[in-house]
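Written out below as structure tokens is the structure these notes cover.
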Amino acid sequence: TIPLSGAGVASGTLSAGPVSFGSVQVGSSGTETATLVNSGGASVNISKVTLTGTGFGMSGLSPPLTLAAGQNFTFTTTFSPLTAGAASGSIAIVSTASASPSIALSGTATSAGQLALSPGTFSFGSVVVGASKSLPATLNATVASVTVTSASVSSAEYALGGLSLPLTLQPGTSVPFTLTFTPKTSGAATASVSVSTSASSSPVVQSVTGSGTPP
């Protein structure tokens with residue numbers, strides 16, 4: 001008689017919790033990490049990963065992948081919504097574990113902020129060459145917060161003042177600034193003001209006109 005002996009080893013057990021992105025503005029992107037946990041007594045081989053859900057993405061998880069007993073693996077998930085509203089998705093895992101998880105993804109896309117530049121046009125009229133004239137202006141945010149990243153004017157005869165960038169405007173708030181015209185030569189001087197933001201309508205572009213007259 002040949003004696004036989006052995007010890008049972010728990011199979012690999014793969015688990016992962018849900019991922020919630022909370023609220024993410026349309027046109028922006030949210031990032032969260034997800035973690036796969038092998039809490040069993042044997043290694044687990046992951047052979048396939050399937051992502052579903054509009055606006056969701058992932059990186060860092062590329063099968064085939066083996067997790068030893070007790071090993072964790074963390075990767076990145078993203079939510080980049082294109083339209084407002086609640087969104088859901090999942091990451092389905094195919095593995096040799098006794099049960100393979102499906103990671104639930106969820107997020108709420110909020111409407112993108114809007115930025116308005118007033119006045120609608122900048123008209124300086126006639127300004128003597130070498131002199132300066134300034135006009136007041138305002139940036140207004142509506143719907144949701146807007147981050148202003150840059151502002152420029154296309155002619156050296158015009159200058160923006162009073163803006164410290166980048167800045168974030170909450171909905172219903174505004175920030176004043178000035179546009180100054182200092183003609184260097186006689187004649188018409190046209191330009192445009194361009195403001196780049198996180199808003200869906202970025203950049204906001206406004207026309208500028210003025211004329212230099214001889215001293």
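Simple scheme: letters A, B, ... for chains in structure tokens order, numbers from 1 for residues in each chain, numbers from 1 for ligands in the order shown.
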Item to check | Filtered DSSP result for segment 31-187 of chain A, state strand (DSSP E), as JSON, numbers by chain | outcome: {"A": [31, 32, 33, 34, 35, 36, 37, 38, 44, 45, 46, 47, 48, 49, 50, 51, 52, 56, 57, 58, 59, 65, 66, 67, 72, 73, 74, 75, 76, 77, 78, 79, 85, 86, 87, 88, 89, 90, 91, 92, 93, 94, 95, 102, 103, 104, 105, 106, 107, 108, 109, 110, 114, 115, 116, 117, 118, 122, 123, 124, 125, 126, 127, 128, 133, 134, 135, 136, 137, 138, 139, 140, 141, 142, 146, 147, 148, 149, 150, 151, 152, 153, 158, 159, 160, 161, 167, 168, 169, 174, 175, 176, 177, 178, 179, 180, 181, 187]}
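For segment 167-173 of chain A, the residues within 12 Å (counting only C-alpha atoms, excluding itself and residues fewer than 5 positions away along the chain) are A:Ser111, A:Ala112, A:Gly113, A:Gln114, A:Leu115, A:Ala116, A:Thr138, A:Leu139, A:Asn140, A:Ala141, A:Thr142, A:Val143, A:Ala144, A:Ser145, A:Val146, A:Thr147, A:Val148, A:Thr149, A:Ser150, A:Ala151, A:Gly162, A:Val195, A:Ser196, A:Thr197, A:Ser198, A:Ala199.
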Item to check | Coordinates-based distance that separates atom CA of Val26 of chain A from atom CA of Ser102 of chain A (Å, one decimal) | outcome: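 Answer for the atom CA of Ser102 of chain A to atom CA of Val26 of chain A separation: 25.9 Å.
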Checklist entry - Quick one: residues within 9 Å of Leu163 of chain A, only C-alpha atoms counted, chain neighbours fewer than 5 positions away excluded, as a PyMOL selection string? => result chain A and resi 151+175-178
Next on the checklist: Neighbouring residues of Ala69 of chain A were defined as those with any atom within 12 Å, considering only C-alpha atoms; residues of the same chain fewer than 3 positions away were excluded. Please report them as a PyMOL selection string.
Outcome noted: chain A and resi 9-14+36-45+66+72-73+97
